[in-house]
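Colleague: Structure file my_file_17.cif, mmCIF, C-alpha atoms, is pasted below:
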data_query
loop_
_atom_site.label_atom_id
_atom_site.label_comp_id
_atom_site.auth_asym_id
_atom_site.auth_seq_id
_atom_site.Cartn_x
_atom_site.Cartn_y
_atom_site.Cartn_z
CA MET A 1 -154.80 -2.44 -185.16
CA ALA A 2 -151.68 -3.59 -183.28
CA ALA A 3 -150.81 -5.89 -186.15
CA GLY A 4 -151.24 -3.03 -188.63
CA CYS A 5 -148.97 -0.68 -186.62
CA ALA A 6 -146.39 -3.45 -186.24
CA TRP A 7 -146.41 -3.94 -190.01
CA ARG A 8 -145.73 -0.25 -190.65
CA ARG A 9 -142.78 -0.22 -188.23
CA LEU A 10 -141.26 -3.22 -189.96
CA TRP A 11 -141.31 -1.29 -193.24
CA GLN A 12 -139.55 1.72 -191.72
CA GLY A 13 -136.89 -0.50 -190.14
CA SER A 14 -135.84 -2.70 -193.02
CA ALA A 15 -135.54 -2.41 -196.76
CA PHE A 16 -138.69 -2.32 -198.83
CA PRO A 17 -140.06 -5.88 -198.83
CA PHE A 18 -140.63 -6.56 -202.49
CA HIS A 19 -141.01 -10.23 -201.87
CA VAL A 20 -144.10 -9.85 -199.66
CA ASN A 21 -147.02 -11.46 -201.42
CA TYR A 22 -150.47 -9.93 -201.05
CA ALA A 23 -151.70 -13.24 -199.70
CA SER A 24 -149.32 -12.91 -196.78
CA ARG A 25 -151.52 -10.27 -195.15
CA PHE A 26 -153.33 -13.22 -193.59
CA MET A 27 -150.11 -15.06 -192.70
CA GLY A 28 -148.43 -11.83 -191.64
CA ARG A 29 -150.69 -11.29 -188.62
CA GLN A 30 -149.70 -14.69 -187.21
CA CYS A 31 -145.98 -14.22 -187.67
CA PHE A 32 -146.07 -10.71 -186.17
CA LEU A 33 -147.64 -12.06 -183.02
CA LEU A 34 -144.77 -14.56 -182.76
CA ASN A 35 -142.07 -11.98 -183.48
CA ASN A 36 -143.50 -9.28 -181.21
CA ASP A 37 -140.88 -9.80 -178.51
CA LEU A 38 -138.02 -9.72 -180.99
CA MET A 39 -139.36 -6.59 -182.67
CA GLY A 40 -139.71 -4.75 -179.37
CA VAL A 41 -136.10 -5.56 -178.49
CA ARG A 42 -134.83 -4.33 -181.84
CA LEU A 43 -136.53 -0.94 -181.79
CA ALA A 44 -136.24 -0.13 -178.09
CA GLY A 45 -132.48 -0.74 -177.98
CA SER A 46 -129.96 2.01 -178.44
CA ASP A 47 -128.52 0.32 -181.55
CA ALA A 48 -131.20 1.92 -183.69
CA ASP A 49 -129.98 5.47 -182.84
CA THR A 50 -126.27 4.86 -183.08
CA GLN A 51 -126.59 2.78 -186.23
CA VAL A 52 -124.59 4.22 -189.11
CA HIS A 53 -126.78 4.84 -192.14
CA LYS A 54 -125.76 2.02 -194.41
CA THR A 55 -126.17 2.74 -198.09
CA ASN A 56 -129.15 0.64 -199.07
CA PRO A 57 -128.48 -0.84 -202.51
CA LEU A 58 -132.19 -0.64 -203.34
CA VAL A 59 -132.38 3.12 -202.75
CA SER A 60 -130.68 5.46 -205.22
CA ILE A 61 -130.49 9.25 -204.87
CA SER A 62 -130.18 11.37 -208.00
CA ASP A 63 -130.05 15.13 -208.57
CA GLU A 64 -132.39 15.36 -211.54
CA PRO A 65 -135.83 16.79 -210.74
CA GLU A 66 -138.68 14.37 -210.05
CA THR A 67 -141.35 13.87 -212.68
CA LEU A 68 -144.72 14.74 -211.19
CA TYR A 69 -147.85 12.81 -212.03
CA LYS A 70 -151.22 14.46 -211.70
CA ARG A 71 -153.06 11.18 -212.02
CA LEU A 72 -152.13 7.51 -212.25
CA SER A 73 -154.94 5.38 -213.64
CA LEU A 74 -154.79 1.61 -213.24
CA LEU A 75 -157.35 -0.37 -215.18
CA VAL A 76 -157.38 -3.98 -214.01
CA LYS A 77 -159.26 -6.52 -216.07
CA GLY A 78 -160.04 -10.17 -215.42
CA HIS A 79 -162.50 -12.96 -215.96
CA ASP A 80 -163.25 -13.56 -212.28
CA LYS A 81 -164.94 -10.79 -210.30
CA THR A 82 -163.93 -12.16 -206.87
CA VAL A 83 -160.26 -12.20 -207.86
CA LEU A 84 -160.54 -8.58 -208.99
CA ASP A 85 -162.26 -7.55 -205.75
CA SER A 86 -159.52 -9.16 -203.70
CA TYR A 87 -156.83 -7.49 -205.83
CA GLU A 88 -158.54 -4.12 -205.49
CA TYR A 89 -158.48 -4.49 -201.69
CA PHE A 90 -154.76 -5.28 -201.87
CA ALA A 91 -153.91 -2.36 -204.19
CA VAL A 92 -155.91 0.14 -202.08
CA LEU A 93 -154.23 -1.14 -198.90
CA ALA A 94 -150.78 -0.82 -200.48
CA ALA A 95 -151.55 2.74 -201.63
CA LYS A 96 -152.76 3.73 -198.14
CA GLU A 97 -149.67 2.23 -196.52
CA LEU A 98 -147.40 4.17 -198.88
CA GLY A 99 -149.39 7.36 -198.24
CA ILE A 100 -150.67 7.73 -201.80
CA SER A 101 -153.98 9.60 -202.05
CA ILE A 102 -156.65 7.67 -203.91
CA GLU A 103 -158.94 9.76 -206.08
CA LYS A 104 -161.58 7.16 -206.78
CA VAL A 105 -162.09 3.43 -207.22
CA HIS A 106 -164.82 2.56 -209.67
CA ARG A 107 -165.94 -0.54 -211.50
CA PRO A 108 -166.71 0.08 -215.20
CA PRO A 109 -169.44 -2.25 -216.55
CA LYS A 110 -168.36 -5.69 -217.75
CA LYS A 111 -167.95 -6.46 -221.44
CA ILE A 112 -169.26 -9.73 -222.84
CA GLU A 113 -167.96 -11.01 -226.17
CA ARG A 114 -170.36 -13.59 -227.60
CA PHE A 115 -170.14 -15.69 -230.72
CA THR A 116 -172.23 -18.43 -232.30
CA LEU A 117 -170.64 -21.44 -233.98
CA LEU A 118 -171.97 -24.50 -235.73
CA LYS A 119 -172.33 -27.39 -233.31
CA SER A 120 -171.42 -30.10 -235.80
CA VAL A 121 -168.34 -30.62 -237.91
CA HIS A 122 -170.37 -31.24 -241.07
CA ILE A 123 -173.87 -29.85 -242.01
CA TYR A 124 -176.63 -29.43 -239.35
CA LYS A 125 -176.86 -25.71 -239.87
CA LYS A 126 -179.81 -25.32 -237.54
CA HIS A 127 -177.92 -26.53 -234.47
CA ARG A 128 -175.45 -24.04 -233.12
CA VAL A 129 -173.40 -23.48 -229.99
CA GLN A 130 -172.94 -20.10 -228.30
CA TYR A 131 -169.87 -19.09 -226.30
CA GLU A 132 -169.15 -15.92 -224.39
CA MET A 133 -166.13 -14.35 -222.73
CA ARG A 134 -166.75 -11.94 -219.87
CA THR A 135 -164.23 -9.26 -218.93
CA HIS A 136 -164.74 -7.47 -215.61
CA TYR A 137 -162.98 -4.17 -214.91
CA VAL A 138 -161.81 -2.31 -211.83
CA CYS A 139 -160.37 1.18 -212.25
CA LEU A 140 -158.10 2.63 -209.57
CA GLU A 141 -157.22 6.34 -209.86
CA LEU A 142 -154.42 7.76 -207.72
CA LYS A 143 -153.53 11.42 -207.64
CA HIS A 144 -150.49 13.60 -207.01
CA LEU A 145 -147.58 11.17 -207.22
CA THR A 146 -143.88 11.66 -207.78
CA GLY A 147 -142.02 9.57 -210.32
CA SER A 148 -140.20 7.44 -207.78
CA THR A 149 -143.35 6.79 -205.72
CA ALA A 150 -145.19 5.76 -208.85
CA ALA A 151 -142.32 3.46 -209.89
CA VAL A 152 -142.19 1.78 -206.48
CA TYR A 153 -145.96 1.38 -206.19
CA LEU A 154 -146.36 0.07 -209.73
CA GLU A 155 -143.52 -2.42 -209.34
CA TYR A 156 -144.97 -3.76 -206.07
CA VAL A 157 -148.50 -3.97 -207.37
CA GLN A 158 -147.49 -5.53 -210.70
CA ARG A 159 -145.26 -8.17 -209.18
CA ASN A 160 -148.26 -9.38 -207.20
CA LEU A 161 -150.68 -9.40 -210.12
CA PRO A 162 -152.63 -12.67 -210.02
CA GLU A 163 -152.70 -15.04 -212.99
CA GLY A 164 -155.41 -14.31 -215.53
CA VAL A 165 -155.52 -10.62 -214.60
CA ALA A 166 -154.20 -7.85 -216.85
CA MET A 167 -153.43 -4.23 -216.01
CA GLU A 168 -153.32 -1.06 -218.12
CA VAL A 169 -151.58 1.97 -216.66
CA LYS A 170 -152.22 5.54 -217.80
CA ARG A 171 -150.03 8.32 -216.41
CA THR A 172 -150.88 12.02 -216.59
CA LYS A 173 -147.68 14.04 -216.21
CA ILE A 174 -147.44 17.62 -214.97
CA GLU A 175 -144.94 19.62 -217.01
CA ALA A 176 -143.80 23.22 -216.77
CA ILE A 177 -145.17 25.53 -219.50
CA PRO A 178 -142.55 25.76 -222.30
CA GLU A 179 -140.62 29.05 -222.44
CA HIS A 180 -141.94 30.25 -225.77
CA ILE A 181 -145.55 30.44 -224.55
CA GLN A 182 -144.94 31.69 -221.01
CA LYS A 183 -145.74 35.30 -221.92
CA PRO A 184 -148.77 36.16 -224.07
CA ILE A 185 -147.86 37.11 -227.63
CA TRP A 186 -149.70 40.46 -227.61
CA ASP A 187 -147.25 41.77 -224.98
CA THR A 188 -144.18 41.03 -227.08
CA LEU A 189 -145.33 42.32 -230.48
CA PRO A 190 -144.33 45.93 -231.33
CA GLN A 191 -147.10 48.50 -230.96
CA VAL A 192 -148.74 49.17 -234.36
CA GLU A 193 -149.82 52.80 -234.84
CA GLU A 194 -153.32 53.27 -236.09
CA THR A 195 -153.33 55.09 -239.37
CA GLU A 196 -156.42 56.61 -240.94
CA VAL A 197 -157.40 54.92 -244.16
CA LYS A 198 -158.91 57.29 -246.63
CA SER A 199 -160.84 55.64 -249.39
CA MET B 1 -182.53 -37.65 -237.43
CA ALA B 2 -185.15 -39.48 -239.54
CA ALA B 3 -187.11 -40.89 -236.59
CA PRO B 4 -188.23 -37.60 -235.00
CA VAL B 5 -189.11 -36.18 -238.41
CA ALA B 6 -191.33 -39.18 -239.04
CA ALA B 7 -192.75 -38.91 -235.53
CA ARG B 8 -193.71 -35.27 -236.06
CA ALA B 9 -195.49 -36.09 -239.31
CA LEU B 10 -197.60 -38.79 -237.62
CA ARG B 11 -199.05 -36.51 -234.94
CA ALA B 12 -202.67 -37.58 -234.83
CA VAL B 13 -205.55 -35.15 -235.16
CA PRO B 14 -207.74 -35.18 -232.01
CA TRP B 15 -210.69 -37.58 -232.54
CA ARG B 16 -213.95 -35.81 -231.82
CA CYS B 17 -216.90 -37.90 -230.69
CA ALA B 18 -220.49 -37.18 -229.57
CA HIS B 19 -219.67 -37.37 -225.87
CA PRO B 20 -216.96 -34.82 -224.99
CA ALA B 21 -216.19 -36.72 -221.77
CA LEU B 22 -215.13 -39.79 -223.76
CA SER B 23 -212.86 -37.94 -226.29
CA ALA B 24 -209.31 -39.26 -226.38
CA ARG B 25 -206.28 -37.59 -227.91
CA HIS B 26 -203.72 -39.84 -229.51
CA ASP B 27 -200.69 -37.63 -229.75
CA LEU B 28 -197.22 -38.94 -230.25
CA HIS B 29 -194.74 -37.33 -227.93
CA THR B 30 -191.68 -35.97 -229.73
CA THR B 31 -188.61 -36.29 -227.56
CA PRO B 32 -185.80 -33.75 -227.87
CA ALA B 33 -183.27 -36.64 -227.68
CA CYS B 34 -181.30 -35.42 -230.68
CA LEU B 35 -181.09 -31.86 -229.36
CA LYS B 36 -179.33 -32.68 -226.06
CA THR B 37 -175.82 -31.35 -225.70
CA ARG B 38 -173.18 -33.91 -224.85
CA ALA B 39 -170.19 -31.64 -224.36
CA ALA B 40 -167.97 -32.37 -221.31
CA ARG B 41 -170.79 -34.18 -219.51
CA VAL B 42 -170.70 -37.59 -217.88
CA ARG B 43 -174.05 -39.31 -218.48
CA VAL B 44 -175.89 -40.74 -215.49
CA GLY B 45 -175.49 -44.54 -215.29
CA LYS B 46 -176.18 -47.29 -212.80
CA GLY B 47 -174.24 -45.74 -209.94
CA ASP B 48 -171.00 -47.68 -210.30
CA LYS B 49 -168.97 -45.07 -212.21
CA PRO B 50 -166.72 -43.00 -209.90
CA VAL B 51 -166.43 -39.40 -211.01
CA THR B 52 -164.24 -36.51 -209.78
CA TYR B 53 -165.64 -33.03 -208.95
CA GLU B 54 -164.23 -31.65 -212.20
CA LYS B 55 -165.91 -34.25 -214.40
CA ALA B 56 -169.18 -34.31 -212.46
CA HIS B 57 -169.98 -30.69 -213.37
CA ALA B 58 -171.04 -29.63 -216.84
CA PRO B 59 -169.37 -26.64 -218.57
CA HIS B 60 -172.22 -24.27 -217.78
CA TYR B 61 -171.11 -24.45 -214.13
CA ILE B 62 -167.78 -22.74 -214.93
CA ALA B 63 -167.49 -19.55 -212.82
CA HIS B 64 -170.36 -20.82 -210.64
CA ARG B 65 -169.23 -24.16 -209.20
CA LYS B 66 -166.09 -24.77 -211.23
CA GLY B 67 -162.97 -22.74 -211.83
CA TRP B 68 -160.81 -22.42 -214.88
CA LEU B 69 -158.10 -24.94 -215.69
CA SER B 70 -155.91 -22.55 -217.61
CA LEU B 71 -155.41 -19.00 -216.32
CA HIS B 72 -153.92 -16.47 -218.71
CA THR B 73 -154.75 -13.03 -220.06
CA GLY B 74 -155.11 -14.07 -223.71
CA ASN B 75 -158.90 -14.19 -223.67
CA LEU B 76 -159.45 -10.81 -222.03
CA ASP B 77 -160.91 -7.91 -223.94
CA GLY B 78 -158.14 -6.13 -225.85
CA GLU B 79 -155.45 -8.73 -225.12
CA ALA B 80 -153.69 -10.91 -227.70
CA GLY B 81 -152.08 -14.33 -227.71
CA ALA B 82 -155.04 -16.59 -226.90
CA ALA B 83 -154.27 -19.09 -229.67
CA GLU B 84 -150.58 -19.44 -228.68
CA ARG B 85 -151.53 -20.06 -225.05
CA THR B 86 -154.11 -22.69 -226.09
CA VAL B 87 -151.58 -24.56 -228.24
CA GLU B 88 -149.07 -24.47 -225.36
CA ASP B 89 -151.74 -25.75 -222.97
CA VAL B 90 -152.63 -28.69 -225.23
CA PHE B 91 -148.98 -29.70 -225.51
CA LEU B 92 -148.41 -29.33 -221.77
CA ARG B 93 -151.40 -31.50 -220.88
CA LYS B 94 -150.36 -34.24 -223.31
CA PHE B 95 -146.76 -34.08 -222.08
CA LEU B 96 -147.76 -34.34 -218.43
CA TYR B 97 -150.24 -37.13 -219.15
CA GLY B 98 -147.39 -39.10 -220.68
CA THR B 99 -144.69 -38.21 -218.16
CA PHE B 100 -146.73 -39.27 -215.14
CA PRO B 101 -148.37 -42.46 -216.39
CA GLY B 102 -151.52 -43.31 -214.44
CA CYS B 103 -150.66 -40.82 -211.69
CA LEU B 104 -152.79 -37.80 -212.53
CA ALA B 105 -155.70 -37.64 -210.07
CA ASN B 106 -157.32 -34.65 -211.71
CA GLU B 107 -156.89 -32.22 -214.59
CA VAL B 108 -153.72 -30.14 -214.68
CA VAL B 109 -154.13 -26.45 -213.71
CA LEU B 110 -151.89 -24.03 -215.62
CA LYS B 111 -151.20 -20.55 -214.28
CA ARG B 112 -149.24 -17.85 -216.07
CA ARG B 113 -147.83 -15.01 -214.00
CA ALA B 114 -145.77 -12.59 -216.13
CA ASN B 115 -143.04 -14.82 -217.58
CA LEU B 116 -143.51 -17.65 -215.11
CA LEU B 117 -145.54 -20.75 -215.92
CA VAL B 118 -146.85 -22.57 -212.86
CA VAL B 119 -148.14 -26.09 -213.42
CA CYS B 120 -150.29 -27.42 -210.57
CA LEU B 121 -150.68 -31.19 -210.40
CA VAL B 122 -152.51 -33.52 -208.09
CA LEU B 123 -150.86 -36.94 -208.27
CA VAL B 124 -151.85 -40.32 -206.94
CA GLN B 125 -149.12 -42.01 -204.85
CA ASN B 126 -148.34 -44.70 -207.41
CA LEU B 127 -144.63 -44.05 -207.92
CA ALA B 128 -141.79 -44.10 -205.43
CA PRO B 129 -140.90 -40.62 -204.08
CA SER B 130 -137.40 -40.69 -205.60
CA LYS B 131 -138.84 -41.41 -209.04
CA LEU B 132 -141.40 -38.67 -208.55
CA TYR B 133 -138.70 -36.13 -207.65
CA PHE B 134 -136.73 -37.10 -210.72
CA LEU B 135 -139.76 -36.73 -212.99
CA ILE B 136 -140.62 -33.34 -211.50
CA GLY B 137 -137.09 -32.04 -212.03
CA TYR B 138 -136.95 -33.51 -215.52
CA THR B 139 -140.28 -31.90 -216.48
CA GLU B 140 -139.28 -28.51 -215.09
CA THR B 141 -135.90 -28.39 -216.88
CA LEU B 142 -137.18 -29.76 -220.17
CA LEU B 143 -140.19 -27.44 -220.32
CA SER B 144 -138.10 -24.40 -219.28
CA HIS B 145 -135.67 -25.07 -222.12
CA PHE B 146 -138.50 -25.76 -224.54
CA TYR B 147 -140.62 -22.69 -223.78
CA LYS B 148 -137.72 -20.36 -222.84
CA CYS B 149 -139.49 -19.28 -219.67
CA PRO B 150 -139.24 -20.42 -216.04
CA VAL B 151 -141.54 -23.38 -215.42
CA ARG B 152 -142.45 -24.37 -211.89
CA LEU B 153 -144.28 -27.55 -210.95
CA GLU B 154 -146.43 -27.51 -207.82
CA VAL B 155 -147.28 -31.08 -206.96
CA GLN B 156 -149.70 -32.39 -204.39
CA THR B 157 -150.00 -36.14 -203.78
CA VAL B 158 -153.12 -37.96 -202.74
CA PRO B 159 -153.47 -41.66 -201.74
CA THR B 160 -156.30 -42.34 -204.24
CA LYS B 161 -158.32 -40.33 -206.72
CA VAL B 162 -160.72 -38.02 -204.92
CA ILE B 163 -164.18 -39.28 -205.85
CA TYR B 164 -167.00 -36.69 -205.70
CA LYS B 165 -169.88 -38.97 -206.57
CA TYR B 166 -170.85 -42.17 -208.37
CA LEU B 167 -172.91 -41.83 -211.55
#
Can you dump the structure from the file as structure tokens?

Modeller:
Amino acid sequence: MAAGCAWRRLWQGSAFPFHVNYASRFMGRQCFLLNNDLMGVRLAGSDADTQVHKTNPLVSISDEPETLYKRLSLLVKGHDKTVLDSYEYFAVLAAKELGISIEKVHRPPKKIERFTLLKSVHIYKKHRVQYEMRTHYVCLELKHLTGSTAAVYLEYVQRNLPEGVAMEVKRTKIEAIPEHIQKPIWDTLPQVEETEVKS
Amino acid sequence: MAAPVAARALRAVPWRCAHPALSARHDLHTTPACLKTRAARVRVGKGDKPVTYEKAHAPHYIAHRKGWLSLHTGNLDGEAGAAERTVEDVFLRKFLYGTFPGCLANEVVLKRRANLLVVCLVLVQNLAPSKLYFLIGYTETLLSHFYKCPVRLEVQTVPTKVIYKYL
């Protein structure tokens, strides 16, 4: 728990560590124990309060409104189930650390593509060879994200994608209702007087 | 292929005699010798053939006791580019086999992460370190220029080939 808290404080202190590899969560615990004294000195000193807010080149502030995402669906596919399980742990941990709410994490059933070929180069039709390719899936659904959070999370998670693993991202945006359908049409049409039709 | 066909035709009919206890069946045993697969398998010998872990295991052990030698997304469901990756892999293996003569302890492992191509080698300590450094740098630069993507070589040296068992 101490190592986890120390990790969070490091993120608040410095710029976002894009270079941190997901494998370093094992190495990270060791190096935090070594740097504990240095970290205590840095945060407890008065320099942290009187420090002038330096403009971080990685952070940009713009005036345009944020795009809001109702749901961000990551479908991760790979041949090796253990690699996918490890990656799912990493992605869920990263989302929790960034404060992103996870809707659900489910594993769709695997797909096997099989084909049968002739074993020999010439004739011998009765002797064949069968190959198969298995694709395992892990689906991660995150809800209620802003555009910048989604960009940061996706960049971090995609830079640490292991070899042989592919990811498909589906974003569900929330948009304001366009002006022309904000009011129901029957309120805007002129009132039609009912006239008696005599046959 | 002719021998087992002939053998099947000569299967003897069981010889019935008066005493059931003395009946003998003369069947010819048909061996499935021609049906055995020989792909990527080292046949058992006298016990003097040294064999690495990779070669000792047959291809049906992939994903159980063996891993993959080439890791890319081309063969996944809904992904393209499998053929291009395979052609690149064949060239890379031939190139590395020639560049490091007699030094490869095991098969080359190729990993593709986004644009980066990571080539993992295990080399036997046959060459002098300075020559090895030169060859590594030469391979990296040449392959980067050839494939127009960053190529990184991760080399591990070993005093001799790691023998798993003797077959």

Colleague: When the cut-off is 9 Å and we count all atoms listed in the file, which residues of chain B are near chain A, given as an mmCIF file with C-alpha atoms, keeping the file's coordinate frame?

Modeller:
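Listing of out-v1.cif after writing:
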data_model
loop_
_atom_site.group_PDB
_atom_site.id
_atom_site.type_symbol
_atom_site.label_atom_id
_atom_site.label_comp_id
_atom_site.auth_asym_id
_atom_site.auth_seq_id
_atom_site.Cartn_x
_atom_site.Cartn_y
_atom_site.Cartn_z
ATOM 1 C CA LEU B 35 -181.090 -31.860 -229.360
ATOM 2 C CA ALA B 63 -167.490 -19.550 -212.820
ATOM 3 C CA SER B 70 -155.910 -22.550 -217.610
ATOM 4 C CA LEU B 71 -155.410 -19.000 -216.320
ATOM 5 C CA HIS B 72 -153.920 -16.470 -218.710
ATOM 6 C CA THR B 73 -154.750 -13.030 -220.060
ATOM 7 C CA GLY B 74 -155.110 -14.070 -223.710
ATOM 8 C CA ASN B 75 -158.900 -14.190 -223.670
ATOM 9 C CA LEU B 76 -159.450 -10.810 -222.030
ATOM 10 C CA ASP B 77 -160.910 -7.910 -223.940
ATOM 11 C CA GLU B 79 -155.450 -8.730 -225.120
ATOM 12 C CA LYS B 111 -151.200 -20.550 -214.280
ATOM 13 C CA ARG B 112 -149.240 -17.850 -216.070
ATOM 14 C CA ARG B 113 -147.830 -15.010 -214.000
ATOM 15 C CA ALA B 114 -145.770 -12.590 -216.130
#

Colleague: Evaluated on this file, the PyMOL selection byres ((chain B and resi 88) around 12) picks out some residues - which ones are they, written as number ranges by chain?

Modeller: B: 70, 72, 81-87, 89-95, 110-112, 117, 143, 146-147

Colleague: Selected residues, C-alpha atoms, written as a short mmCIF file (atom, residue, chain, number, x, y, z; two decimals), in the frame of the given file, please.

Modeller:
data_model
loop_
_atom_site.label_atom_id
_atom_site.label_comp_id
_atom_site.auth_asym_id
_atom_site.auth_seq_id
_atom_site.Cartn_x
_atom_site.Cartn_y
_atom_site.Cartn_z
CA SER B 70 -155.91 -22.55 -217.61
CA HIS B 72 -153.92 -16.47 -218.71
CA GLY B 81 -152.08 -14.33 -227.71
CA ALA B 82 -155.04 -16.59 -226.90
CA ALA B 83 -154.27 -19.09 -229.67
CA GLU B 84 -150.58 -19.44 -228.68
CA ARG B 85 -151.53 -20.06 -225.05
CA THR B 86 -154.11 -22.69 -226.09
CA VAL B 87 -151.58 -24.56 -228.24
CA ASP B 89 -151.74 -25.75 -222.97
CA VAL B 90 -152.63 -28.69 -225.23
CA PHE B 91 -148.98 -29.70 -225.51
CA LEU B 92 -148.41 -29.33 -221.77
CA ARG B 93 -151.40 -31.50 -220.88
CA LYS B 94 -150.36 -34.24 -223.31
CA PHE B 95 -146.76 -34.08 -222.08
CA LEU B 110 -151.89 -24.03 -215.62
CA LYS B 111 -151.20 -20.55 -214.28
CA ARG B 112 -149.24 -17.85 -216.07
CA LEU B 117 -145.54 -20.75 -215.92
CA LEU B 143 -140.19 -27.44 -220.32
CA PHE B 146 -138.50 -25.76 -224.54
CA TYR B 147 -140.62 -22.69 -223.78
#

Colleague: Restricting the calculation to only C-alpha atoms, which member of A:Glu64, A:Lys126, A:Leu74, A:Asn56 is positioned closest to Lys170 in chain A?

Modeller: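 Smallest distance to Lys170 in chain A is found for A:Leu74.
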
Colleague: Looking at A:Val157, A:Leu72, A:Ala151, A:Leu118, which one is nearest to Val92 in chain A, with distances taken over all atoms listed in the file?

Modeller: A:Val157

Colleague: Mind telling me what the PyMOL selection byres ((chain A and resi 145) around 7) catches here, as a PyMOL selection string?

Modeller: chain A and resi 68-70+143-144+146-147+149-150

Colleague: What does the distance from CA of Phe90 in chain A to CA of Val122 in chain B come to in Å, to one decimal?

Modeller: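 Spanning CA of Phe90 in chain A to CA of Val122 in chain B is a straight-line distance of 29.0 Å.
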
Colleague: Expressed in Å to a single decimal, how great is the separation between CA of Val108 in chain B and CA of Gly67 in chain B?

Modeller: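 The value is 12.2 Å.
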
Colleague: Suppose a student applies the PyMOL selection byres ((chain A and resi 95) around 12) to this structure; what residues should they get, written as a tab-separated table (two decimals) with C-alpha atoms, in the frame of the given file?

Modeller:
chain	number	residue	atom	x	y	z
A	72	LEU	CA	-152.13	7.51	-212.25
A	88	GLU	CA	-158.54	-4.12	-205.49
A	89	TYR	CA	-158.48	-4.49	-201.69
A	90	PHE	CA	-154.76	-5.28	-201.87
A	91	ALA	CA	-153.91	-2.36	-204.19
A	92	VAL	CA	-155.91	0.14	-202.08
A	93	LEU	CA	-154.23	-1.14	-198.90
A	94	ALA	CA	-150.78	-0.82	-200.48
A	96	LYS	CA	-152.76	3.73	-198.14
A	97	GLU	CA	-149.67	2.23	-196.52
A	98	LEU	CA	-147.40	4.17	-198.88
A	99	GLY	CA	-149.39	7.36	-198.24
A	100	ILE	CA	-150.67	7.73	-201.80
A	101	SER	CA	-153.98	9.60	-202.05
A	102	ILE	CA	-156.65	7.67	-203.91
A	103	GLU	CA	-158.94	9.76	-206.08
A	105	VAL	CA	-162.09	3.43	-207.22
A	140	LEU	CA	-158.10	2.63	-209.57
A	141	GLU	CA	-157.22	6.34	-209.86
A	142	LEU	CA	-154.42	7.76	-207.72
A	143	LYS	CA	-153.53	11.42	-207.64
A	145	LEU	CA	-147.58	11.17	-207.22
A	149	THR	CA	-143.35	6.79	-205.72
A	150	ALA	CA	-145.19	5.76	-208.85
A	152	VAL	CA	-142.19	1.78	-206.48
A	153	TYR	CA	-145.96	1.38	-206.19
A	154	LEU	CA	-146.36	0.07	-209.73
A	156	TYR	CA	-144.97	-3.76	-206.07
A	157	VAL	CA	-148.50	-3.97	-207.37

Colleague: Expressed in Å to a single decimal, how great is the separation between CA of Gly98 in chain B and CA of Val121 in chain A?

Modeller: 28.4 Å
